[in-house]
>>> print(open('model_26.cif').read())   # mmCIF, C-alpha atoms and all ligand atoms
data_query
#
loop_
_atom_site.label_atom_id
_atom_site.label_comp_id
_atom_site.auth_asym_id
_atom_site.auth_seq_id
_atom_site.Cartn_x
_atom_site.Cartn_y
_atom_site.Cartn_z
CA MET B 59 -14.39 6.43 55.49
CA SER B 60 -18.08 6.52 54.74
CA ARG B 61 -19.76 3.38 53.53
CA LEU B 62 -20.30 4.95 50.17
CA TRP B 63 -16.59 5.72 49.75
CA ARG B 64 -15.57 2.27 50.86
CA PHE B 65 -17.95 0.91 48.26
CA VAL B 66 -16.53 3.13 45.50
CA ALA B 67 -12.91 2.33 46.47
CA ALA B 68 -13.65 -1.40 46.42
CA GLY B 69 -15.27 -1.00 43.02
CA LEU B 70 -12.27 0.86 41.65
CA ALA B 71 -9.88 -1.73 43.02
CA LEU B 72 -11.87 -4.49 41.39
CA LEU B 73 -11.96 -2.58 38.16
CA ALA B 74 -8.18 -2.08 38.20
CA LEU B 75 -7.70 -5.76 38.91
CA GLY B 76 -10.08 -6.60 36.09
CA VAL B 77 -8.20 -4.38 33.65
CA GLY B 78 -4.87 -5.85 34.73
CA VAL B 79 -6.10 -9.38 34.26
CA PHE B 80 -7.66 -8.45 30.96
CA ALA B 81 -4.44 -6.89 29.69
CA GLN B 82 -2.44 -9.94 30.69
CA ASP B 83 -4.68 -12.71 29.54
CA GLN B 84 -6.24 -11.45 26.36
CA PRO B 85 -4.14 -12.14 23.30
CA GLU B 86 -3.38 -8.92 21.44
CA PRO B 87 -5.83 -8.37 18.61
CA SER B 88 -4.37 -9.18 15.20
CA PRO B 89 -3.42 -6.17 13.04
CA ALA B 90 -6.33 -7.05 10.75
CA GLU B 91 -8.83 -7.01 13.64
CA GLU B 92 -7.32 -3.80 14.98
CA ALA B 93 -7.62 -2.17 11.55
CA LYS B 94 -11.23 -3.32 11.22
CA LYS B 95 -12.14 -1.74 14.55
CA GLN B 96 -10.30 1.46 13.72
CA ARG B 97 -11.99 1.62 10.32
CA GLN B 98 -15.41 1.32 11.94
CA GLN B 99 -14.54 4.07 14.43
CA LEU B 100 -13.31 6.43 11.72
CA LEU B 101 -16.43 5.70 9.64
CA GLU B 102 -18.63 6.66 12.59
CA GLN B 103 -16.62 9.80 13.31
CA GLY B 104 -16.70 10.81 9.66
CA GLY B 105 -20.43 10.25 9.21
CA GLY B 106 -19.86 7.35 6.81
CA ILE B 107 -16.82 8.85 5.13
CA LEU B 108 -13.28 7.53 5.57
CA PRO B 109 -10.17 9.68 5.21
CA SER B 110 -9.20 7.46 2.25
CA ASP B 111 -12.45 8.49 0.49
CA LEU B 112 -11.14 12.04 0.44
CA TYR B 113 -8.04 10.92 -1.47
CA VAL B 114 -10.25 8.99 -3.88
CA ALA B 115 -12.41 12.08 -4.47
CA GLN B 116 -9.38 14.31 -4.93
CA GLY B 117 -7.90 11.77 -7.36
CA GLU B 118 -11.13 11.56 -9.37
CA GLU B 119 -11.14 15.33 -9.75
CA LEU B 120 -7.51 15.36 -10.90
CA PHE B 121 -8.11 12.43 -13.26
CA LYS B 122 -11.07 14.06 -15.00
CA ALA B 123 -9.75 17.62 -15.05
CA VAL B 124 -8.52 19.11 -18.32
CA ARG B 125 -4.93 19.97 -17.39
CA GLY B 126 -1.37 20.32 -18.58
CA PRO B 127 0.13 22.02 -21.65
CA LYS B 128 -1.85 19.71 -23.96
CA GLY B 129 -5.13 20.57 -22.23
CA VAL B 130 -6.57 17.07 -21.87
CA SER B 131 -7.78 14.92 -19.00
CA LEU B 132 -6.29 11.56 -18.02
CA GLU B 133 -9.44 9.79 -19.18
CA GLY B 134 -7.65 8.85 -22.41
CA CYS B 135 -4.81 7.11 -20.55
CA ASP B 136 -4.28 3.45 -21.37
CA PHE B 137 -3.67 1.42 -18.20
CA GLY B 138 -3.35 -1.82 -20.12
CA ARG B 139 -6.90 -2.51 -21.24
CA GLY B 140 -7.11 0.24 -23.80
CA ALA B 141 -7.56 4.01 -23.57
CA GLY B 142 -10.37 5.03 -21.27
CA GLN B 143 -10.71 1.60 -19.62
CA VAL B 144 -10.21 2.01 -15.89
CA GLU B 145 -12.27 -0.69 -14.17
CA GLY B 146 -10.11 -3.37 -12.57
CA VAL B 147 -6.85 -2.19 -14.12
CA VAL B 148 -4.97 -2.03 -10.82
CA ALA B 149 -5.37 -5.81 -10.45
CA GLN B 150 -3.33 -6.34 -13.63
CA LEU B 151 -0.43 -4.01 -12.92
CA PRO B 152 2.56 -3.86 -13.27
CA ARG B 153 2.69 -4.78 -16.95
CA TYR B 154 4.62 -3.94 -20.10
CA PHE B 155 3.57 -0.91 -22.16
CA PRO B 156 4.86 -0.75 -25.75
CA ASP B 157 4.36 3.06 -25.95
CA THR B 158 6.95 3.74 -23.23
CA GLY B 159 8.90 0.51 -23.77
CA ARG B 160 8.80 -0.13 -20.03
CA VAL B 161 7.19 -2.38 -17.49
CA GLU B 162 5.15 0.09 -15.46
CA ASP B 163 3.29 -0.05 -12.19
CA LEU B 164 0.29 2.07 -11.24
CA ASP B 165 2.36 5.06 -10.08
CA SER B 166 4.66 5.00 -13.07
CA ARG B 167 1.81 4.65 -15.55
CA ILE B 168 -0.06 7.62 -14.08
CA ARG B 169 3.15 9.65 -14.37
CA SER B 170 3.74 8.48 -17.95
CA CYS B 171 0.28 9.68 -18.96
CA MET B 172 0.72 13.00 -17.16
CA ILE B 173 3.88 13.46 -19.23
CA GLY B 174 2.92 11.83 -22.54
CA LEU B 175 -0.77 12.66 -22.70
CA GLN B 176 -1.03 15.92 -20.75
CA GLY B 177 2.40 17.26 -21.61
CA PHE B 178 3.70 17.89 -18.09
CA LYS B 179 7.46 17.98 -17.65
CA PRO B 180 8.77 15.14 -15.48
CA GLU B 181 9.73 17.59 -12.73
CA GLU B 182 6.19 19.01 -12.73
CA VAL B 183 4.61 15.69 -11.77
CA LYS B 184 3.67 16.04 -8.11
CA ARG B 185 3.94 12.95 -5.98
CA SER B 186 0.81 13.91 -3.99
CA GLU B 187 -1.20 14.03 -7.22
CA VAL B 188 0.06 10.64 -8.38
CA ILE B 189 -0.98 9.17 -5.02
CA ALA B 190 -4.47 10.70 -5.15
CA ILE B 191 -5.02 9.45 -8.72
CA ALA B 192 -3.72 6.02 -7.67
CA PHE B 193 -6.35 5.98 -4.89
CA TYR B 194 -9.10 6.85 -7.35
CA LEU B 195 -8.08 4.08 -9.76
CA ALA B 196 -7.69 1.67 -6.84
CA SER B 197 -11.28 2.35 -5.80
CA LEU B 198 -12.36 1.18 -9.28
CA SER B 199 -10.46 -2.10 -8.81
CA HIS B 200 -11.98 -2.98 -5.45
CA GLU B 201 -12.84 -6.69 -5.39
CA ALA B 202 -11.11 -7.37 -8.71
CA THR B 203 -8.92 -10.48 -8.69
CA VAL B 204 -5.16 -9.93 -8.83
CA ASP B 205 -4.08 -11.27 -12.21
CA VAL B 206 -0.57 -10.17 -13.13
CA ARG B 207 0.91 -12.14 -16.01
CA LEU B 208 4.40 -12.49 -17.33
CA ALA B 209 3.49 -12.47 -20.98
CA THR B 210 6.43 -10.61 -22.50
CA PRO B 211 10.21 -11.01 -22.23
CA GLN B 212 10.33 -7.56 -20.59
CA GLU B 213 7.93 -8.68 -17.86
CA LYS B 214 9.88 -11.89 -17.33
CA ARG B 215 13.12 -9.94 -16.97
CA MET B 216 11.56 -7.52 -14.48
CA TYR B 217 10.14 -10.43 -12.47
CA ALA B 218 13.60 -12.01 -12.30
CA LEU B 219 15.07 -8.70 -11.14
CA GLY B 220 12.37 -8.32 -8.46
CA GLU B 221 12.99 -11.85 -7.24
CA GLU B 222 16.72 -11.20 -7.01
CA LEU B 223 16.23 -7.90 -5.17
CA PHE B 224 13.87 -9.55 -2.73
CA TRP B 225 16.22 -12.36 -1.72
CA VAL B 226 19.60 -10.60 -1.91
CA ARG B 227 21.33 -9.61 1.32
CA ALA B 228 23.44 -6.49 1.30
CA GLY B 229 24.15 -3.18 3.00
CA PRO B 230 25.72 -2.37 6.36
CA ARG B 231 23.46 -4.88 8.16
CA ASP B 232 23.82 -7.72 5.65
CA MET B 233 20.07 -7.93 5.47
CA GLY B 234 17.47 -8.20 2.76
CA CYS B 235 13.71 -8.00 2.40
CA ALA B 236 13.46 -11.67 3.32
CA THR B 237 15.29 -11.14 6.62
CA CYS B 238 12.26 -9.33 8.00
CA HIS B 239 9.44 -10.67 5.85
CA VAL B 240 10.37 -14.35 5.70
CA THR B 241 12.85 -15.21 8.46
CA TYR B 242 11.29 -12.95 11.10
CA ARG B 243 7.71 -12.85 9.81
CA GLY B 244 5.16 -12.61 12.60
CA LYS B 245 7.74 -11.14 15.01
CA ARG B 246 7.24 -7.57 16.12
CA SER B 247 9.29 -4.70 14.81
CA GLY B 248 8.32 -1.85 17.12
CA VAL B 249 4.54 -2.09 17.36
CA LEU B 250 4.02 -3.82 14.05
CA PRO B 251 4.21 -7.54 13.41
CA LEU B 252 6.20 -8.22 10.24
CA SER B 253 4.00 -9.53 7.49
CA ASP B 254 4.78 -12.54 5.40
CA VAL B 255 4.89 -10.65 2.11
CA VAL B 256 5.48 -13.86 0.15
CA GLY B 257 2.54 -15.88 1.46
CA GLU B 258 -0.06 -13.32 2.50
CA LYS B 259 -0.89 -11.86 -0.92
CA VAL B 260 -0.26 -8.38 0.43
CA ALA B 261 -0.34 -6.58 -2.93
CA ALA B 262 -4.12 -7.01 -2.85
CA HIS B 263 -4.43 -4.17 -0.32
CA TRP B 264 -2.18 -1.57 -1.94
CA PRO B 265 -2.41 1.45 -2.37
CA ALA B 266 -3.40 1.83 1.27
CA TYR B 267 -4.46 4.38 3.83
CA ARG B 268 -2.36 4.17 6.98
CA TYR B 269 -4.43 5.32 9.94
CA SER B 270 -1.61 5.39 12.52
CA ASN B 271 -0.13 8.45 10.86
CA ASP B 272 -2.98 9.52 8.58
CA SER B 273 -1.14 9.01 5.32
CA ALA B 274 -1.90 7.69 1.85
CA LEU B 275 0.72 5.34 0.42
CA THR B 276 1.27 3.27 -2.67
CA MET B 277 3.37 0.13 -2.96
CA GLU B 278 6.23 2.33 -4.19
CA ASP B 279 6.16 4.31 -0.93
CA ARG B 280 6.11 1.10 1.11
CA ILE B 281 9.02 -0.49 -0.76
CA ARG B 282 11.10 2.68 -0.50
CA THR B 283 10.46 2.93 3.26
CA CYS B 284 11.57 -0.68 3.61
CA TYR B 285 14.88 0.20 1.95
CA SER B 286 15.46 2.65 4.80
CA ASN B 287 14.66 -0.26 7.16
CA LEU B 288 17.57 -1.99 5.48
CA GLY B 289 19.83 1.00 6.10
CA MET B 290 20.19 1.42 2.35
CA PRO B 291 19.40 4.38 0.13
CA ALA B 292 15.98 3.88 -1.46
CA PRO B 293 15.85 3.54 -5.25
CA ASP B 294 14.06 6.46 -6.92
CA TYR B 295 10.33 6.58 -7.38
CA TYR B 296 9.29 5.05 -10.73
CA SER B 297 12.65 3.27 -11.04
CA ASP B 298 13.02 -0.27 -12.35
CA ALA B 299 14.12 -1.57 -8.93
CA VAL B 300 10.93 -0.39 -7.21
CA ILE B 301 8.71 -1.53 -10.10
CA ALA B 302 10.45 -4.92 -10.29
CA LEU B 303 9.86 -5.59 -6.58
CA GLY B 304 6.26 -4.48 -6.97
CA LEU B 305 5.84 -6.85 -9.91
CA TRP B 306 7.35 -9.73 -7.97
CA LEU B 307 5.07 -9.05 -4.98
CA ALA B 308 2.01 -8.69 -7.23
CA VAL B 309 2.64 -12.09 -8.84
CA GLN B 310 2.86 -13.63 -5.33
CA SER B 311 -0.60 -12.12 -4.77
CA ASN B 312 -2.23 -13.55 -7.90
CA GLY B 313 -5.69 -14.94 -7.25
CA ALA B 314 -6.43 -12.67 -4.28
CA LYS B 315 -9.46 -10.41 -4.25
CA MET B 316 -8.43 -6.78 -4.01
CA ASP B 317 -9.55 -4.76 -1.00
CA LEU B 318 -9.00 -1.18 -2.10
CA PRO B 319 -7.96 1.31 -1.05
CA GLY B 320 -6.30 -0.79 1.65
CA PHE B 321 -6.69 0.22 5.28
CA ILE B 322 -3.64 -0.51 7.41
CA ARG B 323 -2.13 0.45 10.72
C1 LIG B 401 14.07 -4.25 9.10
C2 LIG B 401 12.89 -4.97 8.70
C3 LIG B 401 12.38 -4.78 7.28
C4 LIG B 401 13.04 -5.02 6.10
C5 LIG B 401 14.47 -5.44 5.93
C6 LIG B 401 12.07 -4.83 5.06
N1 LIG B 401 10.87 -4.47 5.57
FE1 LIG B 401 9.13 -4.36 4.57
N2 LIG B 401 8.17 -3.86 6.28
C7 LIG B 401 8.77 -3.71 7.51
C8 LIG B 401 7.78 -3.25 8.48
C9 LIG B 401 8.02 -2.94 9.95
C10 LIG B 401 6.56 -3.14 7.77
C11 LIG B 401 5.21 -2.73 8.31
C12 LIG B 401 4.58 -3.91 8.98
C13 LIG B 401 4.20 -4.95 7.96
O1 LIG B 401 3.21 -4.74 7.23
O2 LIG B 401 4.92 -5.94 7.86
C14 LIG B 401 6.85 -3.57 6.40
C15 LIG B 401 5.88 -3.67 5.42
C16 LIG B 401 6.12 -4.11 4.14
C17 LIG B 401 5.10 -4.33 3.14
C18 LIG B 401 3.60 -4.19 3.35
C19 LIG B 401 3.05 -5.48 3.88
C20 LIG B 401 1.55 -5.50 4.04
O3 LIG B 401 1.05 -6.37 4.76
O4 LIG B 401 0.87 -4.69 3.44
C21 LIG B 401 5.73 -4.71 2.01
C22 LIG B 401 5.08 -5.04 0.68
C23 LIG B 401 7.16 -4.72 2.29
N3 LIG B 401 7.34 -4.37 3.59
C24 LIG B 401 8.13 -5.02 1.36
C25 LIG B 401 9.49 -5.03 1.65
C26 LIG B 401 10.50 -5.18 0.64
C27 LIG B 401 10.26 -5.35 -0.83
C28 LIG B 401 11.71 -5.14 1.30
C29 LIG B 401 13.09 -5.17 0.70
C30 LIG B 401 13.43 -4.07 -0.14
C31 LIG B 401 11.41 -4.99 2.72
N4 LIG B 401 10.07 -4.90 2.88
C32 LIG B 401 12.36 -4.97 3.70
C33 LIG B 401 10.07 -4.01 7.84
C34 LIG B 401 11.03 -4.41 6.93
#
>>> encode(input="model_26.cif", output="structure tokens")
Amino acid sequence: MSRLWRFVAAGLALLALGVGVFAQDQPEPSPAEEAKKQRQQLLEQGGGILPSDLYVAQGEELFKAVRGPKGVSLEGCDFGRGAGQVEGVVAQLPRYFPDTGRVEDLDSRIRSCMIGLQGFKPEEVKRSEVIAIAFYLASLSHEATVDVRLATPQEKRMYALGEELFWVRAGPRDMGCATCHVTYRGKRSGVLPLSDVVGEKVAAHWPAYRYSNDSALTMEDRIRTCYSNLGMPAPDYYSDAVIALGLWLAVQSNGAKMDLPGFIR
């Protein structure tokens, strides 16, 4: 072997050793640190634009477009602060709306306005459009403080339902939300550590862009996926069960500053 090759081989061996030691001794980066790094990388690749910005832009277009049988935009939708008020509204949802007689979350309220204001039939409301519009509204609530109140009997009832659904154990595995997110919080499920959804004020970063599979999700999507984790059929989108859990989680997040749209693994 030439001297040069011996030198290169020794270097490679050292490098391999170094990598091995590094992999063993370094604690794994936290999901938050990992997400921060990934976000930076995607920003650089996208020339300052994140994939979630594209959903926001698409949502803004849909929100302002004159559409539906009634030929109006969603700009007249009341998200709880009066028609046309959109800044910070995501931080105060879910809440009770007298016009529909329901406690509604962000997804459900967008759908209600597409039906009530624009005249779409329920079956015409596309999930992908609701998500894009949710991302747009979320971007207008960035850094707002989560402030979800239980001011009406309807809200109090929904909160109680959400609390019950969170703690109940059922299904083929006799498990509940709390099995993973309280009892086993911090433990890994596959690649992901289970978050403490009671203590970590997680509602402050939903809706969120999930970079591991390039998807845009709202809290409704997350809750429904977690029902599959339980081996149980997921309640329908916009149903009381999903909204009640979202309300319960949002109240646990009161006081947190929103970071929207969220950016998660
Ligand atoms: C079998 C385990 C399991 C069960 C049971 C489960 N989840 Fe999850 N959940 C996960 C995993 C895995 C994730 C993704 C990693 C994370 O964020 O914790 C997740 C994420 C979440 C998140 C997002 C957390 C964040 O930091 O943004 C919420 C909210 C959530 N789950 C709510 C629920 C609710 C409500 C229930 C009950 C209907 C439930 N989960 C039941 C496994 C579970």
>>> residues_around(input="model_26.cif", residues="Glu258 of chain B", least_positions_apart="3", cutoff="10 Å", atoms="all atoms listed in the file", output="PyMOL selection string")
chain B and resi 253-255+261-262+310-311+314
>>> residues_near_ligand(input="model_26.cif", ligand="ligand LIG 401 (chain B)", cutoff="7 Å", atoms="only C-alpha atoms and all ligand atoms", output="MDAnalysis selection string")
chainID B and resid 223:224 233:239 247 250:253 255 260:261 263:264 277 280:281 284:285 287:288 303 307
>>> closest_residue(input="model_26.cif", among="B:Tyr113, B:Tyr269, B:Tyr296, B:Phe193", to="Ile322 of chain B", atoms="all atoms listed in the file")
B:Tyr269
>>> residues_around(input="model_26.cif", residues="Pro127 of chain B", least_positions_apart="3", cutoff="10 Å", atoms="all atoms listed in the file", output="PyMOL selection string")
chain B and resi 124+130+173+175-179
>>> atom_distance(input="model_26.cif", atom1="atom CA of Gly320 of chain B", atom2="atom CA of Arg185 of chain B")
18.8 Å
>>> build_atoms(input="model_26.cif", residues="segment 309-320 of chain B", atoms="all heavy atoms", output="tab-separated table (two decimals), in the coordinates of the input")
chain	number	residue	atom	x	y	z
B	309	VAL	N	2.80	-10.71	-8.34
B	309	VAL	CA	2.64	-12.09	-8.84
B	309	VAL	C	2.42	-13.05	-7.66
B	309	VAL	O	1.62	-13.99	-7.76
B	309	VAL	CB	3.84	-12.50	-9.72
B	309	VAL	CG1	3.81	-13.99	-10.03
B	309	VAL	CG2	3.83	-11.70	-11.03
B	310	GLN	N	3.10	-12.79	-6.51
B	310	GLN	CA	2.86	-13.63	-5.33
B	310	GLN	C	1.41	-13.49	-4.84
B	310	GLN	O	0.93	-14.31	-4.08
B	310	GLN	CB	3.80	-13.28	-4.16
B	310	GLN	CG	5.28	-13.12	-4.48
B	310	GLN	CD	5.84	-14.25	-5.31
B	310	GLN	OE1	5.68	-15.42	-4.95
B	310	GLN	NE2	6.46	-13.93	-6.43
B	311	SER	N	0.77	-12.39	-5.24
B	311	SER	CA	-0.60	-12.12	-4.77
B	311	SER	C	-1.66	-12.54	-5.77
B	311	SER	O	-2.86	-12.30	-5.55
B	311	SER	CB	-0.75	-10.62	-4.48
B	311	SER	OG	0.18	-10.20	-3.52
B	312	ASN	N	-1.25	-13.14	-6.89
B	312	ASN	CA	-2.23	-13.55	-7.90
B	312	ASN	C	-3.33	-14.41	-7.28
B	312	ASN	O	-3.06	-15.25	-6.42
B	312	ASN	CB	-1.54	-14.33	-9.03
B	312	ASN	CG	-1.09	-13.41	-10.15
B	312	ASN	OD1	-1.55	-12.27	-10.26
B	312	ASN	ND2	-0.18	-13.89	-10.98
B	313	GLY	N	-4.56	-14.15	-7.73
B	313	GLY	CA	-5.69	-14.94	-7.25
B	313	GLY	C	-6.42	-14.29	-6.09
B	313	GLY	O	-7.55	-14.66	-5.77
B	314	ALA	N	-5.78	-13.31	-5.43
B	314	ALA	CA	-6.43	-12.67	-4.28
B	314	ALA	C	-7.43	-11.63	-4.74
B	314	ALA	O	-7.26	-11.01	-5.79
B	314	ALA	CB	-5.38	-12.03	-3.39
B	315	LYS	N	-8.47	-11.44	-3.95
B	315	LYS	CA	-9.46	-10.41	-4.25
B	315	LYS	C	-8.97	-9.09	-3.66
B	315	LYS	O	-8.61	-9.03	-2.49
B	315	LYS	CB	-10.78	-10.81	-3.60
B	315	LYS	CG	-11.98	-10.22	-4.31
B	315	LYS	CD	-13.23	-10.57	-3.56
B	315	LYS	CE	-14.29	-11.12	-4.49
B	315	LYS	NZ	-15.58	-11.22	-3.82
B	316	MET	N	-8.96	-8.05	-4.48
B	316	MET	CA	-8.43	-6.78	-4.01
B	316	MET	C	-9.39	-6.11	-3.02
B	316	MET	O	-10.60	-6.16	-3.19
B	316	MET	CB	-8.16	-5.85	-5.19
B	316	MET	CG	-7.16	-6.42	-6.17
B	316	MET	SD	-6.26	-5.15	-7.09
B	316	MET	CE	-4.75	-5.02	-6.14
B	317	ASP	N	-8.79	-5.49	-2.01
B	317	ASP	CA	-9.55	-4.76	-1.00
B	317	ASP	C	-8.99	-3.34	-1.00
B	317	ASP	O	-8.00	-3.06	-0.34
B	317	ASP	CB	-9.34	-5.43	0.36
B	317	ASP	CG	-10.21	-4.81	1.43
B	317	ASP	OD1	-11.12	-4.03	1.07
B	317	ASP	OD2	-10.00	-5.10	2.62
B	318	LEU	N	-9.61	-2.48	-1.80
B	318	LEU	CA	-9.00	-1.18	-2.10
B	318	LEU	C	-9.92	0.02	-1.86
B	318	LEU	O	-11.11	-0.08	-2.09
B	318	LEU	CB	-8.58	-1.17	-3.58
B	318	LEU	CG	-7.45	-2.13	-3.95
B	318	LEU	CD1	-7.20	-2.06	-5.45
B	318	LEU	CD2	-6.19	-1.82	-3.19
B	319	PRO	N	-9.32	1.19	-1.52
B	319	PRO	CA	-7.96	1.31	-1.05
B	319	PRO	C	-7.76	0.51	0.24
B	319	PRO	O	-8.70	0.41	1.04
B	319	PRO	CB	-7.80	2.81	-0.77
B	319	PRO	CG	-8.96	3.48	-1.42
B	319	PRO	CD	-10.04	2.47	-1.53
B	320	GLY	N	-6.58	-0.04	0.43
B	320	GLY	CA	-6.30	-0.79	1.65
B	320	GLY	C	-6.41	0.10	2.87
B	320	GLY	O	-6.36	1.33	2.77
